[in-house]
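Chemist: One structure coming up, written as structure tokens, with questions to follow.
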Amino acid sequence: MSTLIRTSVEQPLLSPFRLGDLRLPNRTVMAPATRARAAGAGLVPTALHAAYYGQRAAAGLIVTEGTWVDERAVGFVRVPGVWSDEQVEGWRRVTDVVHCLGGRIVLQLWHTGAVSHPDHLGGERPLGPSAVDPRETSFTADGRRPTVVPRAMTRAEIEGTVAAYGTASANARRAGFDGVEIHAVGPYLIPQFLNPRLNRRTDAYGGTPARRRRLLLEVVGAAAAPWPGRRVGVRLSPYWTSARFAPDARTLAEFDELVDVLNGCPLAYLHLRGRDPVPPEAGPDFAALDRYRRLFHGPLIANNGFDRASANALIAAGIADAVSFATHFIANPDLVSRFALGQELTAGDPATYYSGGAEGYVDYPVCTHWTR
């Protein structure tokens with residue numbers, strides 16, 4: 001038994017850390033992962049959500065699935081929101097369970113922008129920075145549908161969206177969350193504004209890197225306003241690659257500038273999605289993450305392609321302060337215990353990721369034995 005205790009203590013992943021105003025007992029973070037289990041047209045979290053997140057409360061920090069800030073943000077089936085009293089009450093049941101089990105949990109705030117679809121919006125076109133089709137797909141009740149040309153947001157709609165983030169953040173505090181994270185990864189609304197291929201505006205929100213990042217900075221300010229201290233994180237994906245997104249010298253330089261500007265914001269942390277490992281078994285690119293370790297002055301959470309060994313190595317090297325896991329936490333609710341005791345991990349079933357119901361959501365096994 002002494003060997004097991006000594007081994008667990010020596011793992012950087014299992015050491016405590018202060019993340020903004022959050023005190024984490026370990027550095028194993030549950031990354032946001034869309035699971036499509038919200039109930040009915042009201043998109044309300046249910047008892048299944050409470051069970052799912054409660055099972056994973058041993059994480060140093062839980063970041064929830066992306067959650068809609070308002071009705072115009074919706075772009076994926078059965079994803080919960082946080083704009084209504086019913087949704088807030090549903091989330092309150094989740095946070096109560098997680099806190100009773102000793103966990104910490106923040107709510108990720110999401111808006112899909114142009115990567116929504118009229119099927120989600122009562123037949124209306126989605127909103128985007130400019131009238132440019134992002135050439136993505138949107139997960140609808142009838143399966144994946146190609147995106148359409150969005151309607152360019154008016155100044156009033158941008159201001160309303162910023163206000164919606166502020167209201168959603170205040171609702172998250174009412175629901176008992178420990179903070180919020182701003183979803184700024186992938187091809188969705190905030191990255192659309194950052195992207196010169198999709199943002200062709202010539203007003204205060206486009207035309208230069210400084211103006212393209214204005215929306216994110218205003219959202220950070222609105223989201224931070226309801227919270228004392230540092231309770232807001234931002235998740236970025238500078239290496240995201242898809243139809244309209246491709247990292248190159250120009251875009252990476254603009255992300256460098258953005259991260260430097262974020263140093264002046266009241267952030268608890270930066271959550272960075274690294275490069276996709278190529279090939280997958282190659283493991284994460286430490287150098288790509290270290291680029292931002294050198295730029296950002298606050299706590300850094302790294303994500304994408306990590307296992308226990310590579311995560312411990314990254315933290316030991318000082319490149320990140322914590323590492324987040326998505327698919328590992330989906331299939332291993334006791335992931336922290338498995339890391340501590342050297343247990344093998346269960347593989348997830350992708351066929352159940354968005355299927356609805358308990359199967360593949362709250363029925364993954366917990367290990368009942370340990371090995372040296």
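Ordering of the structure tokens sets the chain letters (A, B, ...), residue numbers begin anew at 1 in every chain, and ligands are numbered from 1 in the order given.
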Go through region 97-195 of chain A and collect every residue that DSSP, computed from the backbone, puts in alpha helix (DSSP H); the answer should be as a PyMOL selection string.
Modeler: chain A and resi 97-100+155-174+189-194
Chemist: Write out, as JSON lines, each residue of region 193-254 of chain A that has an atom at most 12 Å from region 293-316 of chain A, together with the closest pair of atoms and their distance in Å to one decimal, counting only C-alpha atoms, rows going by chain and rising number.
Modeler:
```
{"residue": "A:Arg230", "atom": "CA", "partner": "A:Gly298", "partner_atom": "CA", "distance": 10.8}
{"residue": "A:Val232", "atom": "CA", "partner": "A:Pro299", "partner_atom": "CA", "distance": 11.7}
{"residue": "A:Gly233", "atom": "CA", "partner": "A:Pro299", "partner_atom": "CA", "distance": 9.6}
{"residue": "A:Val234", "atom": "CA", "partner": "A:Ile301", "partner_atom": "CA", "distance": 10.0}
{"residue": "A:Arg235", "atom": "CA", "partner": "A:Ile301", "partner_atom": "CA", "distance": 9.0}
{"residue": "A:Leu236", "atom": "CA", "partner": "A:Ala302", "partner_atom": "CA", "distance": 10.2}
{"residue": "A:Ser237", "atom": "CA", "partner": "A:Asn303", "partner_atom": "CA", "distance": 9.7}
{"residue": "A:Tyr239", "atom": "CA", "partner": "A:Asn304", "partner_atom": "CA", "distance": 10.9}
{"residue": "A:Trp240", "atom": "CA", "partner": "A:Asn304", "partner_atom": "CA", "distance": 11.3}
{"residue": "A:Ala253", "atom": "CA", "partner": "A:Leu295", "partner_atom": "CA", "distance": 11.5}
```
Chemist: I'd like the interatomic distance between CA of Arg104 (chain A) and CA of Pro277 (chain A), to a tenth of an Å.
Modeler: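 Between CA of Arg104 (chain A) and CA of Pro277 (chain A) the gap is 29.3 Å.
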Chemist: If you count only C-alpha atoms, which residues fall within 9 Å of Val97 (chain A), apart from same-chain ones fewer than 4 positions away, as a count of residues only?
Modeler: 10
Chemist: Skipping near chain neighbours, those fewer than 2 positions away, what residues fall within 8 Å of Leu109 (chain A) using only C-alpha atoms, listed as a list of chain:residue names?
Modeler: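 Once the nearby chain positions are removed, what remains is A:Gly66, A:Thr67, A:Trp68, A:Val69, A:Leu107, A:His111, A:Tyr165, A:Ala168, A:Ser169, A:Val180, A:Glu181, A:Ile182, A:His183.
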Chemist: Would you put the residues from that selection into a file with all heavy atoms, as a compact mmCIF listing (two decimals), in the first residue's frame?
Modeler:
```
# COMPACT_ATOMS: atom_id res chain seq x y z
N GLY A 66 -20.79 22.56 -23.35
CA GLY A 66 -21.21 23.88 -23.79
C GLY A 66 -22.70 24.05 -23.61
O GLY A 66 -23.49 23.15 -23.91
N THR A 67 -23.12 25.22 -23.11
CA THR A 67 -24.51 25.47 -22.72
C THR A 67 -24.97 26.78 -23.36
O THR A 67 -24.26 27.79 -23.31
CB THR A 67 -24.61 25.54 -21.18
OG1 THR A 67 -24.11 24.32 -20.64
CG2 THR A 67 -26.03 25.76 -20.73
N TRP A 68 -26.17 26.75 -23.97
CA TRP A 68 -26.64 27.91 -24.73
C TRP A 68 -26.89 29.13 -23.85
O TRP A 68 -27.53 29.04 -22.82
CB TRP A 68 -27.93 27.56 -25.48
CG TRP A 68 -27.88 26.30 -26.27
CD1 TRP A 68 -28.76 25.26 -26.23
CD2 TRP A 68 -26.91 25.94 -27.28
NE1 TRP A 68 -28.39 24.27 -27.11
CE2 TRP A 68 -27.27 24.67 -27.77
CE3 TRP A 68 -25.77 26.56 -27.79
CZ2 TRP A 68 -26.53 24.01 -28.74
CZ3 TRP A 68 -25.04 25.91 -28.76
CH2 TRP A 68 -25.42 24.65 -29.23
N VAL A 69 -26.42 30.28 -24.33
CA VAL A 69 -26.64 31.52 -23.58
C VAL A 69 -28.02 32.10 -23.85
O VAL A 69 -28.55 32.85 -23.03
CB VAL A 69 -25.54 32.56 -23.89
CG1 VAL A 69 -24.18 32.03 -23.45
CG2 VAL A 69 -25.52 32.94 -25.38
N LEU A 107 -19.54 26.31 -15.56
CA LEU A 107 -20.45 26.16 -16.70
C LEU A 107 -19.83 26.78 -17.93
O LEU A 107 -19.43 27.95 -17.91
CB LEU A 107 -21.78 26.85 -16.39
CG LEU A 107 -22.87 26.70 -17.46
CD1 LEU A 107 -23.42 25.29 -17.49
CD2 LEU A 107 -24.01 27.69 -17.21
N HIS A 111 -22.25 29.68 -27.93
CA HIS A 111 -23.10 30.22 -29.00
C HIS A 111 -22.52 29.71 -30.31
O HIS A 111 -21.35 29.92 -30.61
CB HIS A 111 -23.08 31.75 -28.97
CG HIS A 111 -24.13 32.41 -29.80
ND1 HIS A 111 -24.34 32.14 -31.14
CD2 HIS A 111 -25.05 33.37 -29.46
CE1 HIS A 111 -25.33 32.90 -31.59
NE2 HIS A 111 -25.78 33.65 -30.59
N TYR A 165 -24.56 36.80 -22.81
CA TYR A 165 -23.49 36.15 -22.08
C TYR A 165 -23.45 36.63 -20.63
O TYR A 165 -23.24 35.83 -19.70
CB TYR A 165 -22.14 36.43 -22.74
CG TYR A 165 -21.77 35.48 -23.85
CD1 TYR A 165 -22.07 35.79 -25.18
CD2 TYR A 165 -21.11 34.29 -23.60
CE1 TYR A 165 -21.72 34.93 -26.22
CE2 TYR A 165 -20.74 33.43 -24.63
CZ TYR A 165 -21.06 33.76 -25.94
OH TYR A 165 -20.71 32.90 -26.95
N ALA A 168 -26.36 34.98 -18.85
CA ALA A 168 -26.08 33.56 -18.66
C ALA A 168 -25.07 33.34 -17.54
O ALA A 168 -25.19 32.40 -16.75
CB ALA A 168 -25.57 32.96 -19.97
N SER A 169 -24.06 34.20 -17.46
CA SER A 169 -23.07 34.08 -16.40
C SER A 169 -23.70 34.33 -15.03
O SER A 169 -23.43 33.61 -14.06
CB SER A 169 -21.92 35.05 -16.65
OG SER A 169 -20.88 34.89 -15.71
N VAL A 180 -17.53 30.28 -14.64
CA VAL A 180 -17.95 29.99 -16.01
C VAL A 180 -16.72 29.94 -16.91
O VAL A 180 -15.68 30.51 -16.59
CB VAL A 180 -18.95 31.03 -16.57
CG1 VAL A 180 -20.25 31.02 -15.78
CG2 VAL A 180 -18.35 32.43 -16.60
N GLU A 181 -16.87 29.23 -18.02
CA GLU A 181 -15.85 29.21 -19.06
C GLU A 181 -16.48 29.66 -20.36
O GLU A 181 -17.58 29.21 -20.71
CB GLU A 181 -15.27 27.81 -19.22
CG GLU A 181 -14.20 27.72 -20.31
CD GLU A 181 -13.58 26.34 -20.43
OE1 GLU A 181 -12.76 25.99 -19.55
OE2 GLU A 181 -13.90 25.62 -21.40
N ILE A 182 -15.81 30.52 -21.09
CA ILE A 182 -16.31 31.02 -22.37
C ILE A 182 -15.81 30.10 -23.49
O ILE A 182 -14.61 29.90 -23.67
CB ILE A 182 -15.85 32.47 -22.61
CG1 ILE A 182 -16.45 33.39 -21.55
CG2 ILE A 182 -16.24 32.95 -24.01
CD1 ILE A 182 -15.80 34.74 -21.46
N HIS A 183 -16.77 29.54 -24.21
CA HIS A 183 -16.49 28.63 -25.32
C HIS A 183 -16.04 29.48 -26.52
O HIS A 183 -16.84 30.17 -27.13
CB HIS A 183 -17.77 27.87 -25.65
CG HIS A 183 -17.66 26.80 -26.70
ND1 HIS A 183 -17.17 27.02 -27.96
CD2 HIS A 183 -18.03 25.49 -26.67
CE1 HIS A 183 -17.22 25.91 -28.66
NE2 HIS A 183 -17.74 24.95 -27.89
```
Chemist: Please identify all polymer residues within 9 Å of Arg174 (chain A), counting only C-alpha atoms, omitting same-chain residues fewer than 3 positions from it, and present them as a ChimeraX atom specification.
Modeler: /A:88-89,92,169-171,177
Chemist: Go ahead and save the residues from that selection, with N, CA, C and O atoms, as a PDB file, in the first residue's frame.
Modeler:
```
ATOM      1  N   VAL A  88     -32.088  27.034 -15.021  1.00  0.00           N
ATOM      2  CA  VAL A  88     -31.291  27.362 -13.836  1.00  0.00           C
ATOM      3  C   VAL A  88     -31.586  26.373 -12.715  1.00  0.00           C
ATOM      4  O   VAL A  88     -30.667  25.878 -12.043  1.00  0.00           O
ATOM      5  N   GLU A  89     -32.855  26.061 -12.504  1.00  0.00           N
ATOM      6  CA  GLU A  89     -33.215  25.115 -11.459  1.00  0.00           C
ATOM      7  C   GLU A  89     -32.666  23.728 -11.766  1.00  0.00           C
ATOM      8  O   GLU A  89     -32.203  23.009 -10.863  1.00  0.00           O
ATOM      9  N   ARG A  92     -29.118  23.785 -10.918  1.00  0.00           N
ATOM     10  CA  ARG A  92     -28.930  23.824  -9.467  1.00  0.00           C
ATOM     11  C   ARG A  92     -28.880  22.402  -8.885  1.00  0.00           C
ATOM     12  O   ARG A  92     -28.095  22.121  -7.991  1.00  0.00           O
ATOM     13  N   SER A 169     -24.056  34.201 -17.461  1.00  0.00           N
ATOM     14  CA  SER A 169     -23.071  34.077 -16.399  1.00  0.00           C
ATOM     15  C   SER A 169     -23.701  34.328 -15.034  1.00  0.00           C
ATOM     16  O   SER A 169     -23.431  33.605 -14.061  1.00  0.00           O
ATOM     17  N   ALA A 170     -24.569  35.338 -14.961  1.00  0.00           N
ATOM     18  CA  ALA A 170     -25.286  35.595 -13.709  1.00  0.00           C
ATOM     19  C   ALA A 170     -26.193  34.423 -13.350  1.00  0.00           C
ATOM     20  O   ALA A 170     -26.306  34.041 -12.168  1.00  0.00           O
ATOM     21  N   ASN A 171     -26.837  33.827 -14.341  1.00  0.00           N
ATOM     22  CA  ASN A 171     -27.677  32.655 -14.095  1.00  0.00           C
ATOM     23  C   ASN A 171     -26.843  31.476 -13.600  1.00  0.00           C
ATOM     24  O   ASN A 171     -27.301  30.685 -12.764  1.00  0.00           O
ATOM     25  N   PHE A 177     -22.968  27.402  -9.644  1.00  0.00           N
ATOM     26  CA  PHE A 177     -21.676  27.068 -10.230  1.00  0.00           C
ATOM     27  C   PHE A 177     -20.548  27.833  -9.538  1.00  0.00           C
ATOM     28  O   PHE A 177     -20.773  28.879  -8.911  1.00  0.00           O
TER      29      PHE A 177
END
```
Chemist: Check region 57-185 of chain A with DSSP on the backbone and list each residue it calls strand (DSSP E or B), as number ranges by chain.
Modeler: A: 61-68, 76, 81, 105-110, 127-128, 137-140, 143-146, 151-152, 180-184
Chemist: Based on the selection just made, write N, CA, C and O atoms of those residues as a CSV table (one decimal), in the first residue's frame.
Modeler:
```
chain,number,residue,atom,x,y,z
A,61,LEU,N,-11.5,19.8,-11.4
A,61,LEU,CA,-12.5,20.8,-11.9
A,61,LEU,C,-13.3,20.1,-13.0
A,61,LEU,O,-12.7,19.5,-13.8
A,62,ILE,N,-14.6,20.3,-12.9
A,62,ILE,CA,-15.5,19.9,-14.0
A,62,ILE,C,-15.8,21.1,-14.8
A,62,ILE,O,-16.2,22.1,-14.3
A,63,VAL,N,-15.6,21.0,-16.1
A,63,VAL,CA,-16.1,22.0,-17.1
A,63,VAL,C,-17.3,21.4,-17.8
A,63,VAL,O,-17.1,20.4,-18.4
A,64,THR,N,-18.5,21.9,-17.6
A,64,THR,CA,-19.6,21.3,-18.2
A,64,THR,C,-19.6,21.3,-19.8
A,64,THR,O,-18.8,22.1,-20.4
A,65,GLU,N,-20.5,20.6,-20.3
A,65,GLU,CA,-20.7,20.7,-21.8
A,65,GLU,C,-21.1,22.1,-22.1
A,65,GLU,O,-21.6,22.9,-21.3
A,66,GLY,N,-20.8,22.6,-23.4
A,66,GLY,CA,-21.2,23.9,-23.8
A,66,GLY,C,-22.7,24.1,-23.6
A,66,GLY,O,-23.5,23.1,-23.9
A,67,THR,N,-23.1,25.2,-23.1
A,67,THR,CA,-24.5,25.5,-22.7
A,67,THR,C,-25.0,26.8,-23.4
A,67,THR,O,-24.3,27.8,-23.3
A,68,TRP,N,-26.2,26.8,-24.0
A,68,TRP,CA,-26.6,27.9,-24.7
A,68,TRP,C,-26.9,29.1,-23.8
A,68,TRP,O,-27.5,29.0,-22.8
A,76,PHE,N,-27.4,22.6,-31.9
A,76,PHE,CA,-27.1,21.2,-31.7
A,76,PHE,C,-28.3,20.6,-30.9
A,76,PHE,O,-28.8,21.3,-30.0
A,81,GLY,N,-29.6,24.7,-22.0
A,81,GLY,CA,-29.4,26.1,-22.0
A,81,GLY,C,-29.3,26.6,-20.6
A,81,GLY,O,-29.4,25.8,-19.6
A,105,ILE,N,-17.2,22.9,-10.1
A,105,ILE,CA,-17.8,22.8,-11.4
A,105,ILE,C,-18.1,24.2,-12.0
A,105,ILE,O,-18.6,25.0,-11.3
A,106,VAL,N,-17.6,24.4,-13.2
A,106,VAL,CA,-17.9,25.6,-13.9
A,106,VAL,C,-18.8,25.3,-15.1
A,106,VAL,O,-18.7,24.2,-15.7
A,107,LEU,N,-19.5,26.3,-15.6
A,107,LEU,CA,-20.5,26.2,-16.7
A,107,LEU,C,-19.8,26.8,-17.9
A,107,LEU,O,-19.4,28.0,-17.9
A,108,GLN,N,-19.8,26.0,-19.0
A,108,GLN,CA,-19.2,26.6,-20.3
A,108,GLN,C,-20.4,27.2,-21.0
A,108,GLN,O,-21.4,26.6,-21.3
A,109,LEU,N,-20.1,28.5,-21.5
A,109,LEU,CA,-21.1,29.3,-22.2
A,109,LEU,C,-20.8,29.2,-23.7
A,109,LEU,O,-19.7,29.6,-24.1
A,110,TRP,N,-21.9,28.9,-24.5
A,110,TRP,CA,-21.7,28.5,-25.9
A,110,TRP,C,-22.7,29.3,-26.8
A,110,TRP,O,-23.9,29.4,-26.4
A,127,LEU,N,-27.1,33.6,-37.2
A,127,LEU,CA,-26.4,34.8,-37.2
A,127,LEU,C,-24.9,34.5,-37.2
A,127,LEU,O,-24.4,33.5,-36.7
A,128,GLY,N,-24.2,35.4,-37.9
A,128,GLY,CA,-22.7,35.3,-38.0
A,128,GLY,C,-22.1,36.7,-38.1
A,128,GLY,O,-22.8,37.7,-38.3
A,137,THR,N,-21.1,21.5,-40.6
A,137,THR,CA,-22.4,20.8,-40.5
A,137,THR,C,-23.0,21.1,-39.1
A,137,THR,O,-22.2,21.4,-38.2
A,138,SER,N,-24.3,21.0,-39.0
A,138,SER,CA,-25.0,21.3,-37.8
A,138,SER,C,-25.8,20.0,-37.4
A,138,SER,O,-26.5,19.4,-38.3
A,139,PHE,N,-25.7,19.6,-36.2
A,139,PHE,CA,-26.4,18.3,-35.8
A,139,PHE,C,-27.8,18.7,-35.4
A,139,PHE,O,-28.1,19.3,-34.4
A,140,THR,N,-28.8,18.3,-36.3
A,140,THR,CA,-30.2,18.6,-36.1
A,140,THR,C,-30.9,17.3,-35.8
A,140,THR,O,-30.4,16.2,-35.7
A,143,GLY,N,-30.4,14.6,-38.2
A,143,GLY,CA,-29.0,14.3,-38.5
A,143,GLY,C,-28.2,15.5,-38.8
A,143,GLY,O,-28.7,16.6,-38.7
A,144,ARG,N,-27.0,15.3,-39.3
A,144,ARG,CA,-26.1,16.4,-39.7
A,144,ARG,C,-26.6,17.0,-41.0
A,144,ARG,O,-26.8,16.3,-42.0
A,145,ARG,N,-26.7,18.4,-40.9
A,145,ARG,CA,-27.2,19.1,-42.1
A,145,ARG,C,-26.1,20.2,-42.4
A,145,ARG,O,-25.5,20.7,-41.5
A,146,PRO,N,-25.8,20.4,-43.7
A,146,PRO,CA,-24.9,21.4,-44.1
A,146,PRO,C,-25.3,22.8,-43.7
A,146,PRO,O,-26.5,23.1,-43.7
A,151,ARG,N,-27.0,35.3,-41.6
A,151,ARG,CA,-27.3,36.7,-41.7
A,151,ARG,C,-26.3,37.5,-40.9
A,151,ARG,O,-26.0,37.1,-39.7
A,152,ALA,N,-25.6,38.5,-41.5
A,152,ALA,CA,-24.6,39.3,-40.7
A,152,ALA,C,-25.3,40.0,-39.6
A,152,ALA,O,-26.4,40.6,-39.7
A,180,VAL,N,-17.5,30.3,-14.6
A,180,VAL,CA,-17.9,30.0,-16.0
A,180,VAL,C,-16.7,29.9,-16.9
A,180,VAL,O,-15.7,30.5,-16.6
A,181,GLU,N,-16.9,29.2,-18.0
A,181,GLU,CA,-15.9,29.2,-19.1
A,181,GLU,C,-16.5,29.7,-20.4
A,181,GLU,O,-17.6,29.2,-20.7
A,182,ILE,N,-15.8,30.5,-21.1
A,182,ILE,CA,-16.3,31.0,-22.4
A,182,ILE,C,-15.8,30.1,-23.5
A,182,ILE,O,-14.6,29.9,-23.7
A,183,HIS,N,-16.8,29.5,-24.2
A,183,HIS,CA,-16.5,28.6,-25.3
A,183,HIS,C,-16.0,29.5,-26.5
A,183,HIS,O,-16.8,30.2,-27.1
A,184,ALA,N,-14.8,29.4,-26.8
A,184,ALA,CA,-14.2,30.1,-28.0
A,184,ALA,C,-13.3,29.2,-28.8
A,184,ALA,O,-12.3,29.6,-29.3
```
Chemist: Taking only C-alpha atoms into account, which of A:Arg231, A:Ser355, A:Ala317, A:Met30 comes nearest Ala141 (chain A)?
Modeler: A:Ser355
Chemist: Quick one: everything within 12 Å of Phe255 (chain A), counting only C-alpha atoms, minus sequence neighbours fewer than 2 positions away in the same chain. Send it as a VMD selection string.
Modeler: chain A and resid 184 191 194 to 195 209 to 210 212 to 213 236 to 240 247 to 253 257 to 262 272 291 to 292 295 to 296
Chemist: Excluding Leu335 (chain A) and any residue of its chain fewer than 2 positions from it, enumerate the residues within 9 Å of it, using only C-alpha atoms, and give them as a ChimeraX atom specification.
Modeler: /A:28,56,58-59,328-329,331-333,337-340,345,366
Chemist: Output all heavy atoms for every residue in that selection, as a compact mmCIF listing (two decimals), in the first residue's frame.
Modeler:
```
# COMPACT_ATOMS: atom_id res chain seq x y z
N THR A 28 -6.40 17.17 -12.60
CA THR A 28 -7.08 16.37 -13.61
C THR A 28 -8.44 16.99 -13.87
O THR A 28 -9.37 16.84 -13.07
CB THR A 28 -7.24 14.91 -13.13
OG1 THR A 28 -5.97 14.42 -12.70
CG2 THR A 28 -7.79 14.03 -14.23
N ARG A 56 -18.49 12.08 -11.61
CA ARG A 56 -17.16 12.57 -11.99
C ARG A 56 -16.67 13.68 -11.08
O ARG A 56 -15.73 14.41 -11.42
CB ARG A 56 -17.22 13.02 -13.46
CG ARG A 56 -17.43 11.82 -14.39
CD ARG A 56 -18.12 12.18 -15.70
NE ARG A 56 -18.22 10.99 -16.56
CZ ARG A 56 -19.18 10.05 -16.43
NH1 ARG A 56 -20.14 10.19 -15.52
NH2 ARG A 56 -19.19 8.99 -17.22
N ALA A 58 -14.83 13.74 -8.55
CA ALA A 58 -13.45 13.68 -8.06
C ALA A 58 -12.48 14.45 -8.95
O ALA A 58 -11.32 14.66 -8.57
CB ALA A 58 -13.00 12.22 -7.96
N ALA A 59 -12.91 14.88 -10.14
CA ALA A 59 -12.07 15.72 -10.98
C ALA A 59 -11.63 16.97 -10.20
O ALA A 59 -12.38 17.49 -9.38
CB ALA A 59 -12.82 16.14 -12.24
N HIS A 328 -11.71 10.36 -22.10
CA HIS A 328 -11.35 9.52 -20.95
C HIS A 328 -12.37 9.68 -19.82
O HIS A 328 -12.71 8.70 -19.15
CB HIS A 328 -9.95 9.86 -20.44
CG HIS A 328 -8.85 9.38 -21.34
ND1 HIS A 328 -8.99 8.30 -22.18
CD2 HIS A 328 -7.58 9.83 -21.51
CE1 HIS A 328 -7.85 8.10 -22.84
NE2 HIS A 328 -6.99 9.02 -22.45
N PHE A 329 -12.86 10.89 -19.59
CA PHE A 329 -13.85 11.09 -18.53
C PHE A 329 -15.22 10.55 -18.94
O PHE A 329 -16.00 10.15 -18.08
CB PHE A 329 -13.95 12.56 -18.14
CG PHE A 329 -13.21 12.92 -16.89
CD1 PHE A 329 -12.15 13.80 -16.92
CD2 PHE A 329 -13.60 12.37 -15.67
CE1 PHE A 329 -11.46 14.13 -15.75
CE2 PHE A 329 -12.92 12.70 -14.50
CZ PHE A 329 -11.84 13.58 -14.54
N ALA A 331 -15.86 7.76 -20.47
CA ALA A 331 -15.91 6.32 -20.24
C ALA A 331 -15.36 5.90 -18.88
O ALA A 331 -15.48 4.72 -18.51
CB ALA A 331 -15.14 5.60 -21.34
N ASN A 332 -14.77 6.84 -18.14
CA ASN A 332 -14.15 6.51 -16.85
C ASN A 332 -14.57 7.55 -15.81
O ASN A 332 -13.82 8.49 -15.53
CB ASN A 332 -12.63 6.48 -16.99
CG ASN A 332 -12.14 5.46 -17.98
OD1 ASN A 332 -11.92 4.30 -17.64
ND2 ASN A 332 -11.99 5.87 -19.24
N PRO A 333 -15.74 7.39 -15.23
CA PRO A 333 -16.17 8.36 -14.23
C PRO A 333 -15.21 8.46 -13.05
O PRO A 333 -15.11 9.51 -12.41
CB PRO A 333 -17.55 7.85 -13.79
CG PRO A 333 -17.61 6.43 -14.24
CD PRO A 333 -16.76 6.34 -15.45
N SER A 337 -9.19 8.25 -9.75
CA SER A 337 -8.79 7.05 -9.01
C SER A 337 -7.97 6.11 -9.89
O SER A 337 -6.97 5.52 -9.45
CB SER A 337 -10.02 6.31 -8.49
OG SER A 337 -10.70 7.07 -7.53
N ARG A 338 -8.36 5.97 -11.14
CA ARG A 338 -7.62 5.09 -12.05
C ARG A 338 -6.21 5.61 -12.27
O ARG A 338 -5.24 4.83 -12.32
CB ARG A 338 -8.36 4.93 -13.37
CG ARG A 338 -9.68 4.16 -13.22
CD ARG A 338 -10.35 3.98 -14.58
NE ARG A 338 -11.67 3.40 -14.44
CZ ARG A 338 -12.10 2.30 -15.06
NH1 ARG A 338 -11.29 1.65 -15.87
NH2 ARG A 338 -13.32 1.85 -14.89
N PHE A 339 -6.06 6.93 -12.42
CA PHE A 339 -4.72 7.50 -12.55
C PHE A 339 -3.91 7.25 -11.29
O PHE A 339 -2.73 6.89 -11.34
CB PHE A 339 -4.82 9.00 -12.81
CG PHE A 339 -5.16 9.37 -14.23
CD1 PHE A 339 -5.50 10.69 -14.54
CD2 PHE A 339 -5.14 8.46 -15.26
CE1 PHE A 339 -5.80 11.06 -15.84
CE2 PHE A 339 -5.43 8.81 -16.57
CZ PHE A 339 -5.77 10.13 -16.86
N ALA A 340 -4.54 7.45 -10.13
CA ALA A 340 -3.82 7.31 -8.87
C ALA A 340 -3.37 5.88 -8.62
O ALA A 340 -2.28 5.65 -8.07
CB ALA A 340 -4.69 7.80 -7.72
N LEU A 345 -7.75 2.03 -18.45
CA LEU A 345 -8.92 2.84 -18.75
C LEU A 345 -9.90 2.08 -19.63
O LEU A 345 -9.51 1.29 -20.49
CB LEU A 345 -8.50 4.14 -19.46
CG LEU A 345 -7.54 5.04 -18.71
CD1 LEU A 345 -7.35 6.35 -19.48
CD2 LEU A 345 -7.99 5.31 -17.29
N VAL A 366 -17.23 1.41 -12.72
CA VAL A 366 -16.18 1.91 -11.85
C VAL A 366 -15.32 0.73 -11.44
O VAL A 366 -15.84 -0.34 -11.11
CB VAL A 366 -16.78 2.59 -10.60
CG1 VAL A 366 -15.67 2.98 -9.63
CG2 VAL A 366 -17.60 3.80 -11.00
```
Chemist: May I ask which of the residues A:Arg135, A:Arg155, A:Arg244, A:Arg78 is the closest one to His120 (chain A), counting only C-alpha atoms?
Modeler: A:Arg78
